[in-house]
file start37.csv (CSV, C-alpha atoms and all ligand atoms)
chain,number,residue,atom,x,y,z
A,1314,MET,CA,-121.8,11.4,94.0
A,1315,ILE,CA,-121.1,11.9,90.3
A,1316,PHE,CA,-122.9,14.8,88.6
A,1317,PRO,CA,-124.9,15.0,86.6
A,1318,THR,CA,-127.1,12.0,87.1
A,1319,SER,CA,-129.8,11.1,84.7
A,1320,ALA,CA,-132.8,9.5,86.3
A,1321,SER,CA,-135.6,8.1,84.3
A,1322,ILE,CA,-137.5,11.3,83.5
A,1323,ASP,CA,-137.7,10.8,79.7
A,1324,GLU,CA,-141.4,10.1,79.8
A,1325,SER,CA,-142.2,13.3,81.7
A,1326,ALA,CA,-143.1,16.5,79.9
A,1327,ALA,CA,-139.9,18.0,81.5
A,1328,ALA,CA,-137.9,16.1,78.9
A,1329,VAL,CA,-139.1,18.4,76.0
A,1330,SER,CA,-136.1,20.2,74.5
A,1331,SER,CA,-136.9,23.3,72.6
A,1332,SER,CA,-135.0,25.1,69.8
A,1333,VAL,CA,-135.3,28.7,71.1
A,1334,VAL,CA,-136.5,28.6,74.7
A,1335,ASN,CA,-134.6,26.0,76.7
A,1336,ALA,CA,-133.0,26.6,80.1
A,1337,TRP,CA,-133.1,24.1,82.9
A,1338,ASN,CA,-130.6,25.4,85.4
A,1339,GLU,CA,-128.5,28.4,86.3
A,1340,TRP,CA,-125.1,27.2,84.9
A,1341,ASP,CA,-125.4,25.3,81.5
A,1342,PRO,CA,-123.6,27.0,78.5
A,1343,LEU,CA,-125.4,30.2,77.8
A,1344,GLU,CA,-126.7,30.8,74.3
A,1345,GLU,CA,-129.3,33.6,74.5
A,1346,ILE,CA,-130.2,36.1,77.2
A,1347,VAL,CA,-132.0,39.3,77.7
A,1348,VAL,CA,-130.1,42.2,79.4
A,1349,GLY,CA,-132.1,45.0,81.0
A,1350,ARG,CA,-131.9,48.7,80.1
A,1351,ALA,CA,-132.1,51.8,82.3
A,1352,ASP,CA,-133.9,54.2,79.9
A,1353,GLY,CA,-136.8,56.0,81.6
A,1354,ALA,CA,-136.2,54.5,85.0
A,1355,CYS,CA,-137.8,56.1,88.1
A,1356,TYR,CA,-137.0,55.9,91.8
A,1357,ASP,CA,-139.0,53.1,93.4
A,1358,PRO,CA,-142.1,54.7,95.0
A,1359,ALA,CA,-143.0,53.9,98.6
A,1360,GLU,CA,-146.1,51.7,98.7
A,1361,PRO,CA,-147.7,49.1,101.0
A,1362,GLY,CA,-145.3,46.4,99.8
A,1363,TYR,CA,-142.2,48.6,99.8
A,1364,ARG,CA,-140.5,51.3,101.9
A,1365,PRO,CA,-137.3,52.6,100.2
A,1366,ILE,CA,-134.5,53.8,102.5
A,1367,LEU,CA,-131.5,56.1,102.1
A,1368,ARG,CA,-128.1,54.6,102.6
A,1369,GLY,CA,-125.0,56.1,104.3
A,1370,LEU,CA,-124.8,59.7,105.3
A,1371,THR,CA,-127.9,61.8,104.9
A,1372,GLN,CA,-128.8,65.4,105.4
A,1373,PRO,CA,-131.4,66.3,108.1
A,1374,GLY,CA,-134.8,66.1,106.5
A,1375,GLU,CA,-133.6,64.3,103.4
A,1376,VAL,CA,-136.2,62.0,101.9
A,1377,PHE,CA,-136.1,59.3,99.3
A,1378,PRO,CA,-136.6,60.9,95.9
A,1379,THR,CA,-139.5,60.2,93.6
A,1380,GLY,CA,-140.1,60.4,89.8
A,1381,PRO,CA,-137.5,59.9,87.0
A,1382,LYS,CA,-133.9,59.3,87.8
A,1383,PRO,CA,-131.4,61.9,86.5
A,1384,ALA,CA,-130.1,61.5,82.9
A,1385,ASP,CA,-126.5,61.1,84.0
A,1386,VAL,CA,-127.4,58.3,86.5
A,1387,ILE,CA,-129.3,56.5,83.7
A,1388,LYS,CA,-126.4,57.0,81.3
A,1389,ARG,CA,-123.9,55.4,83.6
A,1390,ALA,CA,-126.1,52.4,84.3
A,1391,ASN,CA,-126.7,52.0,80.6
A,1392,GLU,CA,-122.9,52.1,79.9
A,1393,GLU,CA,-122.4,49.2,82.3
A,1394,LEU,CA,-125.4,47.3,80.9
A,1395,ASP,CA,-124.0,47.8,77.4
A,1396,GLY,CA,-120.7,46.6,78.7
A,1397,LEU,CA,-122.3,43.4,79.9
A,1398,THR,CA,-124.0,43.0,76.5
A,1399,ALA,CA,-120.6,43.3,74.8
A,1400,LEU,CA,-118.9,40.9,77.1
A,1401,LEU,CA,-121.7,38.3,76.6
A,1402,GLU,CA,-121.6,38.8,72.8
A,1403,SER,CA,-117.8,38.3,72.9
A,1404,GLN,CA,-118.6,34.9,74.5
A,1405,GLY,CA,-120.8,34.0,71.5
A,1406,VAL,CA,-124.1,34.7,73.4
A,1407,VAL,CA,-127.1,36.2,71.6
A,1408,VAL,CA,-128.2,39.2,73.6
A,1409,ARG,CA,-131.7,40.8,73.4
A,1410,ARG,CA,-132.8,44.1,75.1
A,1411,PRO,CA,-136.2,45.2,76.3
A,1412,ASP,CA,-138.4,47.8,74.6
A,1413,PRO,CA,-138.3,51.2,76.3
A,1414,ILE,CA,-141.6,52.2,78.0
A,1415,GLU,CA,-142.6,55.3,79.9
A,1416,PHE,CA,-142.2,54.4,83.6
A,1417,ASP,CA,-142.9,58.0,84.7
A,1418,ARG,CA,-146.6,57.4,84.4
A,1419,SER,CA,-149.0,57.0,87.3
A,1420,LEU,CA,-151.2,53.9,87.4
A,1421,SER,CA,-154.7,53.7,88.5
A,1422,SER,CA,-156.5,50.3,88.8
A,1423,PRO,CA,-159.9,49.6,90.4
A,1424,GLU,CA,-157.9,48.8,93.6
A,1425,PHE,CA,-154.9,51.1,93.8
A,1426,THR,CA,-153.0,54.1,92.4
A,1427,VAL,CA,-149.3,54.6,92.3
A,1428,ASP,CA,-147.5,57.8,91.2
A,1429,SER,CA,-144.8,56.2,89.0
A,1430,GLN,CA,-143.6,52.8,87.8
A,1431,TYR,CA,-140.0,51.6,88.1
A,1432,CYS,CA,-137.7,50.4,85.3
A,1433,SER,CA,-136.7,47.5,83.0
A,1434,VAL,CA,-133.2,46.9,84.4
A,1435,CYS,CA,-134.1,43.6,86.1
A,1436,PRO,CA,-135.8,41.2,83.8
A,1437,ARG,CA,-134.9,38.4,86.3
A,1438,ASP,CA,-137.6,39.7,88.7
A,1439,VAL,CA,-140.3,39.4,86.1
A,1440,LEU,CA,-139.6,36.4,83.9
A,1441,ILE,CA,-138.2,32.9,84.2
A,1442,THR,CA,-137.4,30.2,81.7
A,1443,VAL,CA,-138.2,26.7,83.1
A,1444,GLY,CA,-137.2,24.3,80.4
A,1445,ASN,CA,-139.3,25.2,77.3
A,1446,GLN,CA,-141.7,27.4,79.3
A,1447,VAL,CA,-141.5,31.1,80.0
A,1448,ILE,CA,-143.4,32.2,83.1
A,1449,GLU,CA,-144.3,35.8,83.7
A,1450,ALA,CA,-144.5,36.4,87.4
A,1451,THR,CA,-147.4,38.0,89.2
A,1452,MET,CA,-145.1,40.6,90.7
A,1453,SER,CA,-145.6,41.9,94.3
A,1454,ARG,CA,-145.4,45.7,94.1
A,1455,ARG,CA,-147.8,48.1,92.4
A,1456,ALA,CA,-145.1,50.1,90.7
A,1457,ARG,CA,-144.0,46.8,89.0
A,1458,PHE,CA,-147.5,45.6,87.9
A,1459,PHE,CA,-146.9,46.2,84.2
A,1460,GLU,CA,-143.2,45.4,84.2
A,1461,TYR,CA,-143.8,42.5,81.8
A,1462,LEU,CA,-144.6,45.0,79.0
A,1463,PRO,CA,-141.0,45.9,77.9
A,1464,TYR,CA,-140.4,42.1,77.3
A,1465,ARG,CA,-143.7,41.2,75.6
A,1466,SER,CA,-142.5,41.7,72.0
A,1467,ILE,CA,-139.5,39.4,72.7
A,1468,VAL,CA,-141.7,36.8,74.4
A,1469,ARG,CA,-144.1,36.9,71.5
A,1470,GLU,CA,-141.3,36.5,69.0
A,1471,TYR,CA,-140.0,33.4,70.8
A,1472,TRP,CA,-143.5,32.0,70.8
A,1473,ASP,CA,-143.8,32.6,67.0
A,1474,ARG,CA,-140.4,31.1,66.3
A,1475,ASP,CA,-140.6,28.1,68.7
A,1476,SER,CA,-143.7,25.9,68.4
A,1477,GLU,CA,-142.7,23.9,71.5
A,1478,MET,CA,-142.4,27.1,73.7
A,1479,ILE,CA,-145.0,27.4,76.4
A,1480,TRP,CA,-146.0,31.0,77.4
A,1481,THR,CA,-147.6,31.4,80.8
A,1482,ALA,CA,-148.6,34.6,82.6
A,1483,ALA,CA,-149.4,33.9,86.2
A,1484,PRO,CA,-152.6,35.4,87.6
A,1485,LYS,CA,-152.3,39.1,88.4
A,1486,PRO,CA,-153.0,39.9,92.0
A,1487,SER,CA,-155.3,42.9,93.0
A,1488,MET,CA,-152.4,44.6,94.9
A,1489,ALA,CA,-155.3,46.2,96.9
A,1490,ASP,CA,-154.5,47.4,100.5
A,1491,HIS,CA,-155.7,44.1,102.0
A,1492,MET,CA,-153.0,42.2,100.0
A,1493,TYR,CA,-150.4,43.7,102.3
A,1494,ARG,CA,-149.6,43.6,106.0
A,1495,LYS,CA,-149.0,47.2,107.0
A,1496,GLU,CA,-147.9,46.2,110.5
A,1497,PHE,CA,-144.9,44.4,109.0
A,1498,TRP,CA,-143.2,47.8,108.6
A,1499,GLU,CA,-143.9,48.8,112.2
A,1500,LEU,CA,-142.1,45.8,113.7
A,1501,ASP,CA,-138.6,46.5,115.1
A,1502,VAL,CA,-135.7,44.2,114.4
A,1503,ASP,CA,-136.0,42.4,117.8
A,1504,GLU,CA,-139.7,41.6,117.1
A,1505,ARG,CA,-138.8,40.4,113.6
A,1506,TYR,CA,-136.0,38.3,114.9
A,1507,ALA,CA,-138.4,36.7,117.5
A,1508,ARG,CA,-140.9,35.9,114.7
A,1509,MET,CA,-138.4,34.8,112.1
A,1510,HIS,CA,-139.8,31.2,111.9
A,1511,ASP,CA,-143.3,32.5,111.1
A,1512,PHE,CA,-142.1,33.6,107.6
A,1513,GLU,CA,-144.8,36.3,107.5
A,1514,PHE,CA,-143.7,39.4,105.6
A,1515,CYS,CA,-145.4,42.3,104.0
A,1516,VAL,CA,-147.7,40.4,101.7
A,1517,THR,CA,-150.6,38.3,103.1
A,1518,GLN,CA,-151.5,34.8,102.0
A,1519,ASP,CA,-154.8,36.0,100.4
A,1520,GLU,CA,-153.6,36.1,96.8
A,1521,VAL,CA,-151.0,34.3,94.6
A,1522,VAL,CA,-147.9,36.4,94.7
A,1523,PHE,CA,-144.4,35.8,93.4
A,1524,ASP,CA,-141.4,37.6,91.8
A,1525,ALA,CA,-139.5,35.4,89.4
A,1526,ALA,CA,-136.2,36.2,91.2
A,1527,ASP,CA,-137.3,34.2,94.2
A,1528,ILE,CA,-136.9,31.0,92.1
A,1529,THR,CA,-133.7,29.1,91.3
A,1530,ARG,CA,-133.4,26.2,88.9
A,1531,MET,CA,-131.4,23.0,89.3
A,1532,GLY,CA,-132.8,20.7,86.6
A,1533,ARG,CA,-135.7,18.8,87.8
A,1534,ASP,CA,-135.7,20.6,91.1
A,1535,ILE,CA,-137.0,24.1,91.4
A,1536,PHE,CA,-136.4,26.0,94.7
A,1537,VAL,CA,-138.6,29.0,95.6
A,1538,GLN,CA,-137.8,31.3,98.5
A,1539,GLU,CA,-140.7,32.5,100.8
A,1540,SER,CA,-140.1,36.2,101.1
A,1541,MET,CA,-141.4,39.8,101.1
A,1542,THR,CA,-142.0,39.3,97.3
A,1543,THR,CA,-143.2,35.6,97.2
A,1544,ASN,CA,-145.9,34.1,99.5
A,1545,ARG,CA,-146.9,30.5,100.2
A,1546,ALA,CA,-149.9,30.8,97.7
A,1547,GLY,CA,-147.4,31.9,95.0
A,1548,ILE,CA,-145.3,28.8,95.7
A,1549,ARG,CA,-148.4,26.6,95.6
A,1550,TRP,CA,-149.3,28.1,92.3
A,1551,LEU,CA,-145.8,27.3,90.9
A,1552,ARG,CA,-146.0,23.8,92.3
A,1553,ARG,CA,-149.3,23.1,90.6
A,1554,GLU,CA,-148.1,24.6,87.4
A,1555,LEU,CA,-144.7,22.8,87.2
A,1556,GLU,CA,-145.1,19.4,89.0
A,1557,PRO,CA,-147.4,17.9,86.3
A,1558,ARG,CA,-144.6,18.8,83.9
A,1559,GLY,CA,-142.2,16.6,85.9
A,1560,PHE,CA,-140.5,19.1,88.2
A,1561,ARG,CA,-140.2,19.0,92.0
A,1562,VAL,CA,-141.0,22.5,93.5
A,1563,HIS,CA,-139.6,23.1,96.9
A,1564,ALA,CA,-140.2,26.0,99.3
A,1565,VAL,CA,-137.0,27.2,100.9
A,1566,HIS,CA,-136.4,29.5,103.9
A,1567,PHE,CA,-133.5,31.5,105.2
A,1568,PRO,CA,-134.8,32.4,108.7
A,1569,LEU,CA,-132.0,34.9,109.6
A,1570,ASP,CA,-132.9,37.1,106.6
A,1571,LEU,CA,-135.4,39.4,108.2
A,1572,PHE,CA,-136.2,41.2,104.9
A,1573,PRO,CA,-135.9,38.5,102.3
A,1574,SER,CA,-136.5,39.5,98.6
A,1575,HIS,CA,-135.1,37.4,95.7
A,1576,ILE,CA,-133.0,34.3,96.2
A,1577,ASP,CA,-130.1,35.3,94.0
A,1578,CYS,CA,-128.0,37.1,96.8
A,1579,THR,CA,-128.6,34.3,99.2
A,1580,PHE,CA,-128.4,30.9,97.5
A,1581,VAL,CA,-126.7,30.8,94.1
A,1582,PRO,CA,-126.0,27.4,92.4
A,1583,LEU,CA,-122.7,27.5,90.4
A,1584,ARG,CA,-122.5,24.1,88.9
A,1585,PRO,CA,-123.9,20.6,89.6
A,1586,GLY,CA,-123.2,19.8,93.3
A,1587,LEU,CA,-122.1,23.3,94.3
A,1588,VAL,CA,-124.1,26.3,95.8
A,1589,LEU,CA,-122.6,29.7,96.7
A,1590,THR,CA,-124.3,30.4,100.1
A,1591,ASN,CA,-124.6,33.6,102.1
A,1592,PRO,CA,-122.9,33.3,105.5
A,1593,ASP,CA,-125.4,35.7,107.1
A,1594,ARG,CA,-128.4,33.7,105.8
A,1595,PRO,CA,-128.1,30.0,106.2
A,1596,ILE,CA,-130.8,27.8,104.7
A,1597,LYS,CA,-133.2,26.1,107.2
A,1598,GLU,CA,-131.6,22.9,108.5
A,1599,ASN,CA,-134.0,20.3,107.1
A,1600,GLU,CA,-133.7,22.0,103.7
A,1601,ALA,CA,-129.9,22.0,103.9
A,1602,GLU,CA,-130.1,18.2,104.5
A,1603,TYR,CA,-131.8,17.7,101.1
A,1604,PHE,CA,-128.7,19.0,99.5
A,1605,SER,CA,-126.1,17.3,101.7
A,1606,ASP,CA,-128.0,14.0,101.5
A,1607,HIS,CA,-127.6,14.2,97.7
A,1608,GLY,CA,-123.9,15.0,97.7
A,1609,TRP,CA,-124.2,18.8,97.2
A,1610,GLN,CA,-121.7,21.2,98.8
A,1611,PHE,CA,-122.2,24.7,100.1
A,1612,VAL,CA,-119.5,27.3,100.0
A,1613,ASP,CA,-120.0,30.5,101.8
A,1614,ALA,CA,-119.4,33.8,99.9
A,1615,PRO,CA,-116.5,35.8,101.3
A,1616,GLU,CA,-117.0,39.3,102.7
A,1617,ALA,CA,-118.3,41.7,100.1
A,1618,SER,CA,-116.2,44.7,98.9
A,1619,SER,CA,-118.4,47.2,100.7
A,1620,THR,CA,-120.6,47.5,103.8
A,1621,ASN,CA,-124.3,48.1,103.4
A,1622,ASP,CA,-123.7,51.8,104.2
A,1623,GLN,CA,-121.1,52.0,101.5
A,1624,MET,CA,-123.6,50.8,98.8
A,1625,PRO,CA,-124.9,53.6,96.5
A,1626,LYS,CA,-127.2,56.0,98.4
A,1627,TYR,CA,-130.4,54.9,96.6
A,1628,CYS,CA,-129.6,51.2,96.3
A,1629,GLN,CA,-132.2,49.1,98.1
A,1630,SER,CA,-130.2,45.9,97.9
A,1631,SER,CA,-127.6,44.7,100.5
A,1632,ARG,CA,-123.8,44.4,100.1
A,1633,TRP,CA,-124.5,40.7,99.1
A,1634,LEU,CA,-125.1,41.9,95.5
A,1635,SER,CA,-121.5,40.8,95.5
A,1636,MET,CA,-122.7,37.2,95.0
A,1637,ASN,CA,-125.2,38.0,92.3
A,1638,VAL,CA,-123.0,36.4,89.7
A,1639,LEU,CA,-124.0,35.3,86.2
A,1640,SER,CA,-122.9,31.9,84.9
A,1641,VAL,CA,-121.9,31.7,81.2
A,1642,ALA,CA,-121.0,28.0,81.5
A,1643,PRO,CA,-120.5,25.5,84.3
A,1644,GLU,CA,-116.9,26.6,84.5
A,1645,THR,CA,-117.2,30.3,83.6
A,1646,VAL,CA,-118.8,33.0,85.8
A,1647,ILE,CA,-119.1,36.8,85.4
A,1648,CYS,CA,-118.4,38.7,88.6
A,1649,GLU,CA,-118.5,42.4,89.5
A,1650,GLU,CA,-115.1,44.0,89.1
A,1651,SER,CA,-114.6,45.2,92.7
A,1652,GLU,CA,-115.5,41.9,94.4
A,1653,LYS,CA,-111.9,40.6,94.6
A,1654,ASN,CA,-112.5,38.2,97.5
A,1655,LEU,CA,-115.2,36.4,95.6
A,1656,GLN,CA,-113.1,36.3,92.4
A,1657,ARG,CA,-110.3,34.7,94.3
A,1658,LEU,CA,-112.7,32.1,95.9
A,1659,LEU,CA,-114.2,31.3,92.5
A,1660,GLU,CA,-110.8,30.9,90.9
A,1661,ALA,CA,-109.7,28.6,93.7
A,1662,LEU,CA,-112.9,26.5,93.0
A,1663,GLY,CA,-111.7,26.1,89.4
A,1664,PHE,CA,-113.8,28.7,87.7
A,1665,ASN,CA,-112.8,30.9,84.9
A,1666,VAL,CA,-113.8,34.4,86.2
A,1667,LEU,CA,-114.7,37.2,83.9
A,1668,VAL,CA,-115.0,40.6,85.5
A,1669,ILE,CA,-116.9,43.7,84.6
A,1670,PRO,CA,-117.8,47.0,86.4
A,1671,PHE,CA,-121.5,47.1,87.4
A,1672,ARG,CA,-121.9,49.2,90.5
A,1673,SER,CA,-123.8,52.0,88.7
A,1674,VAL,CA,-126.5,49.5,88.0
A,1675,TYR,CA,-126.9,48.6,91.7
A,1676,GLU,CA,-129.4,51.4,92.5
A,1677,PHE,CA,-131.6,50.0,89.8
A,1678,GLY,CA,-132.3,46.9,91.7
A,1679,GLY,CA,-129.5,44.4,91.3
A,1680,SER,CA,-126.3,43.1,89.8
A,1681,LEU,CA,-125.4,40.7,87.0
A,1682,HIS,CA,-127.9,38.0,87.7
A,1683,CYS,CA,-130.8,40.4,88.4
A,1684,ALA,CA,-130.2,42.4,85.3
A,1685,THR,CA,-130.6,39.4,83.0
A,1686,TRP,CA,-133.1,36.7,82.0
A,1687,ASP,CA,-131.6,33.6,80.4
A,1688,VAL,CA,-133.7,32.2,77.6
A,1689,ARG,CA,-131.5,29.4,76.2
A,1690,ARG,CA,-128.7,27.3,77.6
A,1691,THR,CA,-127.3,24.2,75.9
A,1692,GLY,CA,-128.5,21.0,77.7
A,1693,GLY,CA,-131.6,19.3,78.9
A,1694,CYS,CA,-133.3,18.4,82.1
A,1695,GLU,CA,-131.2,16.4,84.6
A,1696,ASP,CA,-132.0,15.0,87.9
A,1697,TYR,CA,-129.3,16.2,90.3
A,1698,PHE,CA,-131.1,14.8,93.4
A,1699,ASP,CA,-131.4,11.1,92.5
A,1700,GLY,CA,-135.2,10.8,91.9
A,1701,SER,CA,-135.8,12.0,95.5
A,1702,VAL,CA,-139.3,12.7,96.7
A,1703,GLY,CA,-138.3,16.2,97.9
A,1704,ILE,CA,-137.6,18.1,101.0
A,1705,VAL,CA,-139.4,16.8,104.1
A,1706,ASP,CA,-141.1,19.8,105.5
A,1707,GLY,CA,-140.0,20.2,109.1
A,1708,ARG,CA,-142.3,23.2,109.9
A,1801,LIG,O1,-129.6,40.8,99.4
A,1801,LIG,O2,-130.5,42.7,99.1
A,1801,LIG,C1,-131.2,41.8,96.5
A,1801,LIG,C2,-131.9,41.2,95.4
A,1801,LIG,C3,-132.1,42.2,94.3
A,1801,LIG,N1,-133.0,41.7,93.2
A,1801,LIG,C4,-130.4,41.5,98.8
A,1801,LIG,C5,-131.2,40.9,97.7
call {"tool": "encode", "arguments": {"input": "start37.csv", "output": "structure tokens"}}
result
Amino acid sequence: MIFPTSASIDESAAAVSSSVVNAWNEWDPLEEIVVGRADGACYDPAEPGYRPILRGLTQPGEVFPTGPKPADVIKRANEELDGLTALLESQGVVVRRPDPIEFDRSLSSPEFTVDSQYCSVCPRDVLITVGNQVIEATMSRRARFFEYLPYRSIVREYWDRDSEMIWTAAPKPSMADHMYRKEFWELDVDERYARMHDFEFCVTQDEVVFDAADITRMGRDIFVQESMTTNRAGIRWLRRELEPRGFRVHAVHFPLDLFPSHIDCTFVPLRPGLVLTNPDRPIKENEAEYFSDHGWQFVDAPEASSTNDQMPKYCQSSRWLSMNVLSVAPETVICEESEKNLQRLLEALGFNVLVIPFRSVYEFGGSLHCATWDVRRTGGCEDYFDGSVGIVDGR
């Protein structure tokens, strides 16, 4: 198959091309992006949708810290986020940064209280650009309920500057106790393994729940992972929002990932026809066929530079942050400095690989893709799946 293909989608709303907000996939030439910042960040508090763990060697009785992160930890992360900003600017990309807010404030809603909030390092979790539309996710954790606020002035500015831009905030869930399945945290690994095909995690199906980072874009096709942070109701909401605009929205599943959260360390499209896949987390078979039937190839990420235990002590992500790369263009990818195996693979695949240190950012929730939200990429909506009717659900 030759990529890209242009099926007859010109009459659909998806063909609208916008001057400021315009991004249809993960790889087109990047023009404008938001890079997170670490100011005011707090440790992620334990709550019904989240149980932070300590990595590596721990002292007896040591517990996960709470409240603000130390100034030197924030400073090191900010230096790397500034480094990413400088690298992107050197590539001609316009970079925007969120407004600082006070995360060290407790929240109290009619349904819940939480001692602190989190941070604005990972805009990817909160916002997504789908064509000319910006969608603010519902979020799935109490400490992240208001995480759209640091980005609101930027979104509002885009809305003022771009009369084609559509600004959509998904319905906020209650985040009440009944939205979560407490028993999820009691299951041991063997039980989770036995139930992997149920795809039932720590959020129930009672409310619409999704984090934006469970979504990946490939032109007219939008793939959403069912996870600890996105439920089936969340995917249904996205489908009903986007399908009238000409998109196909697919639920995707990675049964061997027993703690799935965010698709961008699992299934990372690099250019038309090529997805970087996680060897520990293959996509469900019938979903894989949708790609192979349309000429796409999967290439497994090589072993990461560290084990899970060697990740920073307070980092909640796996070693597969190695594959959380950011595409600047279909042939240019930014990769973390220490991930030599992946750099070699990407070069062998014909990519120009830019490298940057980013490990101090890891404990703030992610790597290069997580810490960004792309707002504008050159290009329009293409159909990379030949006008298909979509994945045939084998469940
Ligand atoms: O593999 O731990 C991390 C995603 C972070 N936003 C993982 C997924």
call {"tool": "atom_distance", "arguments": {"input": "start37.csv", "atom1": "CA of Val1688 in chain A", "atom2": "CA of Val1334 in chain A"}}
result
5.4 Å
call {"tool": "atom_distance", "arguments": {"input": "start37.csv", "atom1": "CA of Val1565 in chain A", "atom2": "CA of Phe1536 in chain A"}}
result
6.3 Å
call {"tool": "residues_near_ligand", "arguments": {"input": "start37.csv", "ligand": "ligand LIG 1801 (chain A)", "cutoff": "6 Å", "atoms": "all atoms listed in the file", "output": "PyMOL selection string"}}
result
chain A and resi 1574-1575+1578+1630-1631+1633+1678-1679+1683
call {"tool": "write_last_selection", "arguments": {"input": "start37.csv", "atoms": "C-alpha atoms", "output": "PDB file, in the frame of the given file"}}
result
ATOM      1  CA  SER A1574    -136.500  39.500  98.600  1.00  0.00           C
ATOM      2  CA  HIS A1575    -135.100  37.400  95.700  1.00  0.00           C
ATOM      3  CA  CYS A1578    -128.000  37.100  96.800  1.00  0.00           C
ATOM      4  CA  SER A1630    -130.200  45.900  97.900  1.00  0.00           C
ATOM      5  CA  SER A1631    -127.600  44.700 100.500  1.00  0.00           C
ATOM      6  CA  TRP A1633    -124.500  40.700  99.100  1.00  0.00           C
ATOM      7  CA  GLY A1678    -132.300  46.900  91.700  1.00  0.00           C
ATOM      8  CA  GLY A1679    -129.500  44.400  91.300  1.00  0.00           C
ATOM      9  CA  CYS A1683    -130.800  40.400  88.400  1.00  0.00           C
TER      10      CYS A1683
END
call {"tool": "residues_around", "arguments": {"input": "start37.csv", "residues": "Trp1550 in chain A", "least_positions_apart": "5", "cutoff": "9 Å", "atoms": "all atoms listed in the file", "output": "PDB file with C-alpha atoms, keeping the file's coordinate frame"}}
result
ATOM      1  CA  ALA A1483    -149.400  33.900  86.200  1.00  0.00           C
ATOM      2  CA  VAL A1521    -151.000  34.300  94.600  1.00  0.00           C
ATOM      3  CA  VAL A1522    -147.900  36.400  94.700  1.00  0.00           C
ATOM      4  CA  ARG A1545    -146.900  30.500 100.200  1.00  0.00           C
ATOM      5  CA  LEU A1555    -144.700  22.800  87.200  1.00  0.00           C
TER       6      LEU A1555
END
call {"tool": "atom_distance", "arguments": {"input": "start37.csv", "atom1": "CA of Asp1527 in chain A", "atom2": "CA of Ile1576 in chain A"}}
result
4.7 Å
call {"tool": "closest_residue", "arguments": {"input": "start37.csv", "among": "A:Ala1684, A:Ala1489, A:Leu1571, A:Val1646", "to": "Val1668 in chain A", "atoms": "only C-alpha atoms"}}
result
A:Val1646
call {"tool": "closest_atom_pairs", "arguments": {"input": "start37.csv", "of": "range 1492-1581 of chain A", "to": "range 1611-1626 of chain A", "cutoff": "12 Å", "atoms": "all atoms listed in the file", "output": "tab-separated table"}}
result
residue	atom	partner	partner_atom	distance
A:Cys1578	CA	A:Ala1614	CA	9.7
A:Thr1579	CA	A:Ala1614	CA	9.2
A:Phe1580	CA	A:Phe1611	CA	9.1
A:Val1581	CA	A:Phe1611	CA	9.7
call {"tool": "closest_residue", "arguments": {"input": "start37.csv", "among": "A:Asp1341, A:Pro1436, A:Val1376, A:Val1641", "to": "Leu1400 in chain A", "atoms": "all atoms listed in the file"}}
result
A:Val1641
call {"tool": "closest_residue", "arguments": {"input": "start37.csv", "among": "A:Gln1430, A:Gln1446, A:Asn1665, A:Asn1544", "to": "Asp1511 in chain A", "atoms": "all atoms listed in the file"}}
result
A:Asn1544
call {"tool": "residues_near_point", "arguments": {"input": "start37.csv", "point": "(-135.7, 28.2, 68.0)", "cutoff": "10 Å", "atoms": "only C-alpha atoms", "output": "number ranges by chain"}}
result
A: 1331-1335, 1471-1478, 1689
call {"tool": "closest_residue", "arguments": {"input": "start37.csv", "among": "A:Cys1694, A:Cys1515, A:Leu1589, A:Met1488", "to": "Gly1444 in chain A", "atoms": "all atoms listed in the file"}}
result
A:Cys1694
call {"tool": "closest_residue", "arguments": {"input": "start37.csv", "among": "A:Leu1583, A:Asp1687, A:Ile1414, A:His1682", "to": "Phe1664 in chain A", "atoms": "only C-alpha atoms"}}
result
A:Leu1583
call {"tool": "closest_residue", "arguments": {"input": "start37.csv", "among": "A:Thr1426, A:Leu1659, A:His1510, A:Pro1342", "to": "Pro1643 in chain A", "atoms": "all atoms listed in the file"}}
result
A:Pro1342
call {"tool": "residues_around", "arguments": {"input": "start37.csv", "residues": "Gly1353 in chain A", "least_positions_apart": "4", "cutoff": "7 Å", "atoms": "all atoms listed in the file", "output": "list in words"}}
result
Pro1381, Glu1415, Phe1416 and Cys1432 of chain A
call {"tool": "residues_around", "arguments": {"input": "start37.csv", "residues": "Asp1417 in chain A", "least_positions_apart": "4", "cutoff": "12 Å", "atoms": "all atoms listed in the file", "output": "list in words"}}
result
Asp1352, Gly1353, Ala1354, Cys1355, Tyr1356, Asp1357, Pro1358, Thr1379, Gly1380, Pro1381, Lys1382, Pro1413, Val1427, Asp1428, Ser1429, Gln1430, Tyr1431, Cys1432 and Ala1456 of chain A
call {"tool": "write_last_selection", "arguments": {"input": "start37.csv", "atoms": "C-alpha atoms", "output": "compact mmCIF listing (two decimals), in the frame of the given file"}}
result
# COMPACT_ATOMS: atom_id res chain seq x y z
CA ASP A 1352 -133.90 54.20 79.90
CA GLY A 1353 -136.80 56.00 81.60
CA ALA A 1354 -136.20 54.50 85.00
CA CYS A 1355 -137.80 56.10 88.10
CA TYR A 1356 -137.00 55.90 91.80
CA ASP A 1357 -139.00 53.10 93.40
CA PRO A 1358 -142.10 54.70 95.00
CA THR A 1379 -139.50 60.20 93.60
CA GLY A 1380 -140.10 60.40 89.80
CA PRO A 1381 -137.50 59.90 87.00
CA LYS A 1382 -133.90 59.30 87.80
CA PRO A 1413 -138.30 51.20 76.30
CA VAL A 1427 -149.30 54.60 92.30
CA ASP A 1428 -147.50 57.80 91.20
CA SER A 1429 -144.80 56.20 89.00
CA GLN A 1430 -143.60 52.80 87.80
CA TYR A 1431 -140.00 51.60 88.10
CA CYS A 1432 -137.70 50.40 85.30
CA ALA A 1456 -145.10 50.10 90.70
